[in-house]
>>> print(open('target_18.csv').read())   # CSV, C-alpha atoms
chain,number,residue,atom,x,y,z
A,10,MET,CA,0.0,0.0,0.0
A,11,SER,CA,1.3,3.5,-0.9
A,12,VAL,CA,1.4,6.0,2.0
A,13,PHE,CA,1.1,9.6,0.9
A,14,VAL,CA,1.7,12.7,3.0
A,15,THR,CA,-2.1,13.0,3.4
A,16,LYS,CA,-5.4,11.3,2.6
A,17,PRO,CA,-8.8,13.1,2.7
A,18,PHE,CA,-11.1,12.2,5.5
A,19,VAL,CA,-14.4,10.8,4.3
A,20,PRO,CA,-17.6,10.5,6.3
A,21,PRO,CA,-20.0,7.5,6.1
A,22,LEU,CA,-21.3,7.6,2.5
A,23,GLU,CA,-24.9,7.2,3.6
A,24,GLU,CA,-24.7,10.5,5.5
A,25,TYR,CA,-23.5,12.4,2.5
A,26,ILE,CA,-26.1,10.7,0.3
A,27,ALA,CA,-28.8,11.8,2.7
A,28,GLU,CA,-27.7,15.4,2.1
A,29,LEU,CA,-27.6,14.9,-1.7
A,30,GLU,CA,-31.1,13.5,-1.7
A,31,LYS,CA,-32.3,16.8,-0.3
A,32,ILE,CA,-30.5,18.7,-3.0
A,33,TRP,CA,-32.0,16.4,-5.7
A,34,ARG,CA,-35.4,17.1,-4.2
A,35,ASP,CA,-35.0,20.8,-4.0
A,36,ARG,CA,-33.1,21.1,-7.3
A,37,VAL,CA,-31.1,24.0,-6.0
A,38,PHE,CA,-27.4,23.5,-6.8
A,39,THR,CA,-25.9,26.9,-6.3
A,40,ASN,CA,-26.5,30.6,-5.5
A,41,GLN,CA,-26.6,30.5,-1.7
A,42,GLY,CA,-28.8,27.5,-1.3
A,43,ARG,CA,-29.8,25.7,1.9
A,44,CYS,CA,-26.5,23.9,2.4
A,45,VAL,CA,-24.3,26.9,1.8
A,46,THR,CA,-26.3,29.2,4.1
A,47,SER,CA,-26.5,26.5,6.8
A,48,LEU,CA,-22.8,25.8,6.6
A,49,GLU,CA,-21.9,29.5,6.8
A,50,LYS,CA,-24.0,29.8,9.9
A,51,VAL,CA,-22.3,26.7,11.4
A,52,ILE,CA,-18.8,28.0,10.7
A,53,ARG,CA,-19.6,31.5,12.0
A,54,GLU,CA,-20.8,29.9,15.3
A,55,TYR,CA,-17.7,27.7,15.5
A,56,LEU,CA,-15.3,30.5,14.8
A,57,GLN,CA,-17.3,32.9,16.9
A,58,CYS,CA,-17.0,35.5,14.2
A,59,GLN,CA,-19.7,38.0,12.9
A,60,ASN,CA,-19.1,37.5,9.2
A,61,PHE,CA,-18.0,34.5,7.2
A,62,GLN,CA,-18.3,33.9,3.4
A,63,LEU,CA,-17.9,30.6,1.7
A,64,VAL,CA,-16.1,30.8,-1.7
A,65,SER,CA,-14.9,28.3,-4.3
A,66,ASN,CA,-11.3,27.9,-3.1
A,67,GLY,CA,-8.6,29.3,-0.9
A,68,THR,CA,-6.8,31.1,-3.6
A,69,ILE,CA,-9.8,33.0,-4.9
A,70,ALA,CA,-10.5,33.9,-1.2
A,71,LEU,CA,-7.2,35.7,-1.1
A,72,GLN,CA,-7.9,37.5,-4.3
A,73,LEU,CA,-11.3,38.6,-3.1
A,74,ALA,CA,-9.8,39.8,0.1
A,75,ILE,CA,-7.4,42.1,-1.8
A,76,ASP,CA,-10.2,43.3,-4.1
A,77,ALA,CA,-12.6,43.9,-1.3
A,78,LEU,CA,-10.1,46.4,0.2
A,79,ASN,CA,-10.0,48.1,-3.3
A,80,ILE,CA,-6.3,47.4,-3.7
A,81,LYS,CA,-5.6,47.7,-7.4
A,82,GLU,CA,-1.8,48.0,-7.4
A,83,GLY,CA,1.2,48.5,-5.1
A,84,GLU,CA,3.1,46.3,-2.7
A,85,ILE,CA,1.8,43.6,-0.4
A,86,ILE,CA,4.3,42.4,2.3
A,87,THR,CA,4.2,38.6,2.7
A,88,THR,CA,6.2,35.6,3.5
A,89,PRO,CA,8.4,33.5,1.2
A,90,PHE,CA,7.7,30.4,3.2
A,91,THR,CA,4.3,29.3,2.1
A,92,TYR,CA,2.5,27.6,-0.7
A,93,VAL,CA,2.7,29.4,-4.1
A,94,ALA,CA,-1.0,30.3,-4.1
A,95,THR,CA,-0.3,33.0,-1.5
A,96,ILE,CA,1.8,35.1,-3.9
A,97,THR,CA,-0.2,33.9,-7.0
A,98,SER,CA,-3.2,35.7,-5.5
A,99,ILE,CA,-1.1,38.9,-5.1
A,100,LEU,CA,0.3,38.8,-8.7
A,101,TRP,CA,-3.2,38.0,-10.2
A,102,GLN,CA,-4.4,41.2,-8.5
A,103,ARG,CA,-1.6,43.1,-10.3
A,104,CYS,CA,0.2,43.8,-7.1
A,105,THR,CA,3.8,43.1,-6.1
A,106,PRO,CA,4.7,40.7,-3.4
A,107,VAL,CA,7.5,42.0,-1.1
A,108,PHE,CA,9.1,39.3,1.0
A,109,ALA,CA,9.8,39.6,4.7
A,110,ASP,CA,11.9,36.7,6.1
A,111,ILE,CA,10.5,34.3,8.7
A,112,GLU,CA,11.3,33.3,12.3
A,113,LEU,CA,13.1,30.0,12.6
A,114,ASN,CA,11.2,28.7,15.7
A,115,ASN,CA,7.7,28.4,14.1
A,116,PHE,CA,8.3,29.4,10.4
A,117,THR,CA,6.0,32.4,10.4
A,118,ILE,CA,6.7,35.9,9.2
A,119,ASN,CA,9.0,38.1,11.3
A,120,PRO,CA,7.1,41.3,12.4
A,121,GLU,CA,10.4,43.3,12.7
A,122,GLU,CA,11.1,42.6,9.0
A,123,VAL,CA,7.6,43.5,8.1
A,124,GLU,CA,7.8,46.9,9.8
A,125,ALA,CA,11.2,47.6,8.1
A,126,LEU,CA,9.7,47.0,4.7
A,127,ILE,CA,6.7,49.3,5.0
A,128,SER,CA,6.8,52.2,2.6
A,129,SER,CA,4.4,54.6,0.8
A,130,HIS,CA,3.9,51.8,-1.8
A,131,THR,CA,2.6,49.3,0.9
A,132,LYS,CA,-1.1,48.5,0.4
A,133,ALA,CA,-1.5,45.5,2.7
A,134,ILE,CA,0.3,42.9,4.9
A,135,MET,CA,-0.4,39.2,4.2
A,136,PRO,CA,1.1,36.9,6.8
A,137,VAL,CA,0.5,33.1,6.8
A,138,HIS,CA,-0.3,30.9,9.8
A,139,VAL,CA,2.1,28.3,8.3
A,140,PHE,CA,1.0,24.7,9.1
A,141,GLY,CA,-1.6,26.1,11.5
A,142,TYR,CA,1.0,27.7,13.8
A,143,ALA,CA,0.1,31.3,14.9
A,144,CYS,CA,1.9,34.3,13.5
A,145,LYS,CA,2.8,36.9,16.1
A,146,VAL,CA,-0.7,38.4,15.8
A,147,ASP,CA,-0.4,41.0,18.6
A,148,GLU,CA,2.8,42.5,17.0
A,149,LEU,CA,1.4,42.5,13.5
A,150,GLU,CA,-1.9,44.1,14.7
A,151,LYS,CA,0.2,47.0,16.2
A,152,ILE,CA,2.1,47.4,13.0
A,153,SER,CA,-1.1,47.4,11.0
A,154,LYS,CA,-2.7,50.1,13.1
A,155,ASN,CA,0.4,52.3,13.5
A,156,TYR,CA,0.9,52.5,9.7
A,157,ASN,CA,-2.8,52.3,8.7
A,158,VAL,CA,-2.1,49.2,6.5
A,159,PRO,CA,-4.7,46.5,6.2
A,160,LEU,CA,-3.9,43.0,7.5
A,161,ILE,CA,-5.0,40.0,5.4
A,162,TYR,CA,-4.2,36.7,7.0
A,163,ASP,CA,-3.7,33.6,4.8
A,164,ALA,CA,-5.1,31.1,7.3
A,165,ALA,CA,-5.4,28.3,4.8
A,166,HIS,CA,-4.0,25.8,7.3
A,167,ALA,CA,-5.4,27.2,10.4
A,168,PHE,CA,-9.0,26.0,10.7
A,169,GLY,CA,-9.3,24.6,14.2
A,170,SER,CA,-6.3,26.4,15.6
A,171,LYS,CA,-6.9,28.9,18.4
A,172,TYR,CA,-4.7,31.5,20.0
A,173,LYS,CA,-5.6,32.5,23.6
A,174,GLY,CA,-8.9,30.9,23.0
A,175,GLN,CA,-9.7,32.8,19.8
A,176,SER,CA,-9.8,31.2,16.4
A,177,LEU,CA,-6.8,32.3,14.2
A,178,LEU,CA,-9.4,33.1,11.5
A,179,THR,CA,-10.7,36.0,13.5
A,180,PHE,CA,-7.6,38.1,13.4
A,181,GLY,CA,-6.8,40.8,10.9
A,182,ASP,CA,-9.2,42.8,8.7
A,183,LEU,CA,-9.8,39.7,6.6
A,184,SER,CA,-8.7,36.1,7.1
A,185,THR,CA,-8.9,33.4,4.5
A,186,VAL,CA,-9.0,29.6,4.7
A,187,SER,CA,-8.8,26.6,2.4
A,188,PHE,CA,-11.2,23.7,2.5
A,189,HIS,CA,-9.3,21.7,-0.2
A,190,ALA,CA,-9.4,17.9,0.1
A,191,THR,CA,-5.9,17.9,1.6
A,192,LYS,CA,-6.9,20.0,4.6
A,193,LEU,CA,-7.9,18.5,7.9
A,194,TYR,CA,-11.5,19.8,7.4
A,195,HIS,CA,-12.6,19.9,3.8
A,196,MET,CA,-15.4,19.9,1.3
A,197,ALA,CA,-13.4,18.4,-1.6
A,198,GLU,CA,-12.7,21.9,-2.9
A,199,GLY,CA,-13.6,25.2,-1.3
A,200,GLY,CA,-12.5,28.2,0.8
A,201,GLY,CA,-13.8,30.9,3.0
A,202,ILE,CA,-13.2,34.5,4.3
A,203,SER,CA,-13.8,35.7,7.8
A,204,VAL,CA,-14.3,39.5,7.8
A,205,ASN,CA,-14.3,41.8,10.8
A,206,SER,CA,-16.5,44.4,9.1
A,207,THR,CA,-20.1,43.8,8.0
A,208,GLN,CA,-19.7,46.4,5.3
A,209,LEU,CA,-16.5,44.7,4.0
A,210,SER,CA,-18.3,41.3,4.2
A,211,SER,CA,-21.1,42.7,2.1
A,212,ARG,CA,-18.6,43.7,-0.5
A,213,VAL,CA,-17.0,40.2,-0.5
A,214,ASP,CA,-20.5,38.8,-1.0
A,215,LEU,CA,-21.1,41.1,-3.9
A,216,LEU,CA,-17.7,40.4,-5.6
A,217,LYS,CA,-18.1,36.6,-5.3
A,218,ARG,CA,-21.4,36.8,-7.2
A,219,PHE,CA,-20.5,38.7,-10.3
A,220,GLY,CA,-20.8,42.1,-8.7
A,221,HIS,CA,-24.6,42.4,-9.0
A,222,HIS,CA,-27.7,41.7,-7.1
A,223,TYR,CA,-30.5,40.5,-9.5
A,224,ASP,CA,-30.8,43.4,-12.0
A,225,GLU,CA,-28.7,45.9,-10.0
A,226,TYR,CA,-25.1,45.9,-11.4
A,227,ILE,CA,-22.8,47.6,-8.9
A,228,CYS,CA,-19.2,46.6,-9.7
A,229,PRO,CA,-17.0,44.1,-11.7
A,230,GLY,CA,-17.2,40.8,-9.9
A,231,ILE,CA,-16.3,37.2,-10.4
A,232,ASN,CA,-17.9,33.8,-10.0
A,233,ALA,CA,-16.4,32.6,-6.7
A,234,LYS,CA,-19.5,30.8,-5.4
A,235,ILE,CA,-19.4,27.4,-3.8
A,236,SER,CA,-21.9,24.8,-4.9
A,237,GLU,CA,-24.5,23.0,-2.8
A,238,ILE,CA,-22.7,19.7,-3.5
A,239,GLN,CA,-19.5,20.9,-1.9
A,240,ALA,CA,-21.3,22.6,1.0
A,241,ALA,CA,-23.2,19.3,1.7
A,242,LEU,CA,-19.9,17.5,2.2
A,243,GLY,CA,-18.8,20.3,4.4
A,244,LEU,CA,-21.9,20.0,6.6
A,245,VAL,CA,-21.4,16.2,7.0
A,246,ASN,CA,-17.6,16.5,7.6
A,247,PHE,CA,-18.1,19.3,10.2
A,248,LYS,CA,-19.7,16.8,12.6
A,249,TYR,CA,-16.4,14.9,12.8
A,250,LEU,CA,-14.1,18.0,13.2
A,251,ASN,CA,-13.3,17.4,16.9
A,252,SER,CA,-12.6,13.7,16.4
A,253,ILE,CA,-10.4,14.5,13.3
A,254,ILE,CA,-8.3,16.9,15.3
A,255,SER,CA,-8.1,14.5,18.2
A,256,GLU,CA,-6.9,11.6,16.1
A,257,ARG,CA,-4.4,13.8,14.3
A,258,LYS,CA,-3.1,14.9,17.7
A,259,SER,CA,-2.7,11.3,18.8
A,260,ILE,CA,-0.7,10.4,15.6
A,261,SER,CA,1.5,13.5,16.1
A,262,MET,CA,2.2,12.5,19.7
A,263,LYS,CA,3.3,9.1,18.6
A,264,TYR,CA,5.7,10.7,16.1
A,265,ASP,CA,6.9,13.0,18.9
A,266,TYR,CA,7.8,10.0,21.1
A,267,LEU,CA,9.4,8.0,18.3
A,268,LEU,CA,11.4,10.8,16.8
A,269,ASP,CA,12.4,12.5,20.1
A,270,ASN,CA,16.0,13.9,19.8
A,271,VAL,CA,16.2,12.7,16.2
A,272,ILE,CA,15.0,15.7,14.2
A,273,SER,CA,14.0,19.3,14.8
A,274,ARG,CA,10.4,20.4,15.2
A,275,PRO,CA,8.6,23.8,15.4
A,276,ALA,CA,8.8,25.3,18.9
A,277,ALA,CA,5.8,25.0,21.1
A,278,GLN,CA,3.8,28.3,21.1
A,279,GLU,CA,2.4,29.7,24.4
A,280,GLY,CA,-1.4,30.3,24.1
A,281,LEU,CA,-1.8,28.1,21.0
A,282,ASP,CA,-4.4,25.3,20.8
A,283,TYR,CA,-2.9,23.6,17.7
A,284,ASN,CA,-5.0,21.8,15.0
A,285,TYR,CA,-2.3,19.3,14.0
A,286,ALA,CA,-2.7,20.2,10.4
A,287,TYR,CA,0.8,18.9,9.4
A,288,TYR,CA,3.8,17.2,10.9
A,289,PRO,CA,6.9,19.0,9.6
A,290,VAL,CA,10.4,17.8,10.4
A,291,VAL,CA,13.6,19.7,9.9
A,292,PHE,CA,16.9,18.2,9.0
A,293,ASP,CA,20.5,19.5,9.4
A,294,ASN,CA,21.0,19.9,5.6
A,295,GLU,CA,19.4,19.3,2.3
A,296,ALA,CA,21.5,16.2,1.6
A,297,GLU,CA,20.1,14.5,4.7
A,298,LEU,CA,16.6,15.5,3.7
A,299,LEU,CA,17.0,14.0,0.2
A,300,LYS,CA,18.4,10.8,1.6
A,301,VAL,CA,15.3,10.4,3.9
A,302,ILE,CA,13.0,11.1,0.9
A,303,ASP,CA,14.8,8.4,-1.2
A,304,THR,CA,14.7,5.9,1.7
A,305,LEU,CA,10.9,6.5,2.3
A,306,ASN,CA,10.1,6.4,-1.4
A,307,LYS,CA,11.8,3.0,-1.8
A,308,CYS,CA,9.3,1.8,0.8
A,309,ASP,CA,6.3,3.3,-1.1
A,310,ILE,CA,6.0,6.2,1.4
A,311,TYR,CA,5.7,9.7,-0.1
A,312,PRO,CA,6.3,12.7,2.1
A,313,ARG,CA,6.3,16.3,0.6
A,314,ARG,CA,8.7,19.1,0.7
A,315,TYR,CA,6.4,21.8,2.2
A,316,PHE,CA,7.5,24.4,1.3
A,317,TYR,CA,10.1,24.3,-1.4
A,318,PRO,CA,11.5,26.4,-2.9
A,319,SER,CA,11.5,29.6,-0.9
A,320,LEU,CA,9.2,31.8,-3.0
A,321,ASN,CA,11.5,34.8,-3.1
A,322,THR,CA,13.7,32.7,-5.4
A,323,LEU,CA,11.0,32.1,-8.1
A,324,PRO,CA,11.8,33.4,-11.5
A,325,TYR,CA,8.8,35.6,-11.8
A,326,VAL,CA,9.1,37.7,-8.6
A,327,GLU,CA,11.3,40.5,-7.5
A,328,LYS,CA,14.2,39.0,-5.7
A,329,ARG,CA,15.0,39.8,-2.0
A,330,SER,CA,17.3,37.8,0.2
A,331,CYS,CA,15.5,35.9,2.9
A,332,PRO,CA,18.2,33.6,4.3
A,333,ILE,CA,16.2,31.9,7.0
A,334,SER,CA,13.4,30.9,4.6
A,335,GLU,CA,15.9,29.9,1.9
A,336,SER,CA,17.7,27.6,4.4
A,337,LEU,CA,14.6,26.1,6.0
A,338,SER,CA,12.9,25.4,2.7
A,339,LYS,CA,15.8,23.1,1.7
A,340,ARG,CA,15.7,21.2,5.0
A,341,ILE,CA,12.0,20.8,5.9
A,342,LEU,CA,9.8,17.8,5.1
A,343,CYS,CA,6.2,17.0,6.0
A,344,ILE,CA,5.7,13.3,6.8
A,345,PRO,CA,2.4,11.4,6.5
A,346,LEU,CA,-0.4,12.5,8.8
A,347,TYR,CA,-4.0,11.6,8.2
A,348,ILE,CA,-7.0,9.9,9.7
A,349,GLY,CA,-6.5,6.1,9.5
A,350,LEU,CA,-2.7,6.1,9.4
A,351,GLU,CA,-1.9,2.8,11.1
A,352,ASP,CA,0.5,2.5,14.0
A,353,ASP,CA,2.6,0.0,12.0
A,354,TYR,CA,3.3,2.7,9.4
A,355,ILE,CA,3.9,5.4,12.0
A,356,GLU,CA,6.5,3.2,13.5
A,357,LYS,CA,8.0,2.3,10.2
A,358,ILE,CA,8.3,5.9,9.0
A,359,ALA,CA,9.9,6.9,12.3
A,360,LEU,CA,12.3,4.0,12.2
A,361,LEU,CA,13.4,4.7,8.6
A,362,ILE,CA,14.0,8.3,9.4
A,363,LYS,CA,16.1,7.3,12.5
A,364,LYS,CA,18.1,4.8,10.6
A,365,THR,CA,18.8,7.3,7.7
A,366,VAL,CA,19.9,10.2,9.9
A,367,GLY,CA,21.4,8.2,12.7
>>> encode(input="target_18.csv", output="structure tokens")
Amino acid sequence: MSVFVTKPFVPPLEEYIAELEKIWRDRVFTNQGRCVTSLEKVIREYLQCQNFQLVSNGTIALQLAIDALNIKEGEIITTPFTYVATITSILWQRCTPVFADIELNNFTINPEEVEALISSHTKAIMPVHVFGYACKVDELEKISKNYNVPLIYDAAHAFGSKYKGQSLLTFGDLSTVSFHATKLYHMAEGGGISVNSTQLSSRVDLLKRFGHHYDEYICPGINAKISEIQAALGLVNFKYLNSIISERKSISMKYDYLLDNVISRPAAQEGLDYNYAYYPVVFDNEAELLKVIDTLNKCDIYPRRYFYPSLNTLPYVEKRSCPISESLSKRILCIPLYIGLEDDYIEKIALLIKKTVG
């Protein structure tokens, strides 16, 4: 059996079919139907936020967040250590990503670097809660207010993570999330935006539905709606969210025990209730990492290099040296973590890593 870095959680099929039967009966497949409106309410209550919009995916969520703030050009300060969709959203909105280096202890953006990069061209700050670990939200909030620069969080990995009892999706002016099949909570494909302003949330709602309400055309929009089919899966999967996080925590703790003193891990964060979205491990050098990948692949086990390369080195962005991100991206690997990963494989993966780096 092949073991991949992740495997989507699936609920009992009959539960999903029961939701689909209601959709078939109503024949409402899109345009804010019963499932979408119900799921938005469920997520709002879970996050304890006032405004939450479901959209078609996590990348379009970032683009809508930028557009909702009426940012048409200029610089957006972000991290080079993230998935490429973060900067893709900036580029597609005809803005320029400016890279602030990261902190080595938990891989998130360094607020001191952010502040040093702010200029008259800065239109927003876009930090990322990498792997579900919390950015230094208190420091970033101060910077945002002091310089009157909007704060858009890419919280694609952060659903279920809380900082000081508050969901990570409730920080910033807008916070986006991914519900892609690879995420711990998913609806096959989808995303969302938590917005701290009702007026701003209304603009997101307008933009995601072509920019018009019935025959009233207000602004250029796009089709970023999520379907009832996806939302139905989200409703069913939501019932299992706590057990999903609990099992992922159990698997992570087994890895912790088996790999203790073997490899480096992100530092524990005070005040963070973690969602166990990923299990990243850091090696001493890239050669060691590549050797581990080769060893695991030969046993039909496929980890992923999240995130490689450091995005400030891509050929289509303006270069800026980010030595911590550049070094980390060459040495970090996410090993398999998903519901149903058997103890035998957890032990095998840990043993192979230990033998390879020992």
>>> residues_around(input="target_18.csv", residues="range 175-186 of chain A", least_positions_apart="2", cutoff="8 Å", atoms="only C-alpha atoms", output="PyMOL selection string")
chain A and resi 56-58+67+70-71+74+138+143+146+150+159-173+188+200-206
>>> closest_residue(input="target_18.csv", among="A:Gly230, A:Val245, A:Ala125, A:Leu298", to="Leu29 in chain A", atoms="all atoms listed in the file")
A:Val245
>>> atom_distance(input="target_18.csv", atom1="CA of Ser319 in chain A", atom2="CA of Thr304 in chain A")
24.1 Å
>>> residues_around(input="target_18.csv", residues="Cys144 in chain A", least_positions_apart="6", cutoff="9 Å", atoms="all atoms listed in the file", output="list in words")
Asn115, Phe116, Thr117, Ile118, Asn119, Pro120, Pro136, Val137, His138 and Leu177 of chain A
>>> closest_residue(input="target_18.csv", among="A:Leu209, A:Leu250, A:Val12, A:Leu244", to="Leu48 in chain A", atoms="all atoms listed in the file")
A:Leu244
>>> residues_around(input="target_18.csv", residues="range 263-268 of chain A", least_positions_apart="2", cutoff="8 Å", atoms="all atoms listed in the file", output="mmCIF file with C-alpha atoms, in the frame of the given file")
data_model
loop_
_atom_site.group_PDB
_atom_site.id
_atom_site.type_symbol
_atom_site.label_atom_id
_atom_site.label_comp_id
_atom_site.auth_asym_id
_atom_site.auth_seq_id
_atom_site.Cartn_x
_atom_site.Cartn_y
_atom_site.Cartn_z
ATOM 1 C CA SER A 259 -2.700 11.300 18.800
ATOM 2 C CA ILE A 260 -0.700 10.400 15.600
ATOM 3 C CA SER A 261 1.500 13.500 16.100
ATOM 4 C CA ASN A 270 16.000 13.900 19.800
ATOM 5 C CA VAL A 271 16.200 12.700 16.200
ATOM 6 C CA ILE A 272 15.000 15.700 14.200
ATOM 7 C CA ILE A 355 3.900 5.400 12.000
ATOM 8 C CA GLU A 356 6.500 3.200 13.500
ATOM 9 C CA ALA A 359 9.900 6.900 12.300
ATOM 10 C CA LEU A 360 12.300 4.000 12.200
ATOM 11 C CA LYS A 363 16.100 7.300 12.500
#
>>> closest_residue(input="target_18.csv", among="A:Ala286, A:Ile310, A:Val213, A:Leu342", to="Asp76 in chain A", atoms="all atoms listed in the file")
A:Val213
>>> residues_near_point(input="target_18.csv", point="(-21.0, 31.0, 6.4)", cutoff="6 Å", atoms="all atoms listed in the file", output="number ranges by chain")
A: 48-50, 52-53, 61-63
>>> write_last_selection(input="target_18.csv", atoms="C-alpha atoms", output="compact mmCIF listing (two decimals), in the coordinates of the input")
# COMPACT_ATOMS: atom_id res chain seq x y z
CA LEU A 48 -22.80 25.80 6.60
CA GLU A 49 -21.90 29.50 6.80
CA LYS A 50 -24.00 29.80 9.90
CA ILE A 52 -18.80 28.00 10.70
CA ARG A 53 -19.60 31.50 12.00
CA PHE A 61 -18.00 34.50 7.20
CA GLN A 62 -18.30 33.90 3.40
CA LEU A 63 -17.90 30.60 1.70
>>> closest_residue(input="target_18.csv", among="A:Met196, A:Val45, A:Met135, A:Ala296", to="Tyr25 in chain A", atoms="all atoms listed in the file")
A:Met196
>>> atom_distance(input="target_18.csv", atom1="CA of Gly243 in chain A", atom2="CA of Phe18 in chain A")
11.2 Å
>>> closest_residue(input="target_18.csv", among="A:Asp352, A:Glu30, A:Asp224, A:Asp147", to="Met262 in chain A", atoms="all atoms listed in the file")
A:Asp352
>>> atom_distance(input="target_18.csv", atom1="CA of Pro318 in chain A", atom2="CA of Ser336 in chain A")
9.7 Å
>>> closest_residue(input="target_18.csv", among="A:Ala241, A:Tyr325, A:Gln208, A:Tyr249", to="Thr46 in chain A", atoms="all atoms listed in the file")
A:Ala241
>>> residues_near_point(input="target_18.csv", point="(9.4, 33.1, 6.6)", cutoff="10 Å", atoms="all atoms listed in the file", output="number ranges by chain")
A: 87-91, 108-113, 115-119, 122, 136-137, 139, 319-320, 331-335, 337-338
>>> residues_around(input="target_18.csv", residues="Lys217 in chain A", least_positions_apart="2", cutoff="6 Å", atoms="only C-alpha atoms", output="list in words")
Asp214, Leu215, Phe219, Ile231, Asn232, Ala233 and Lys234 of chain A
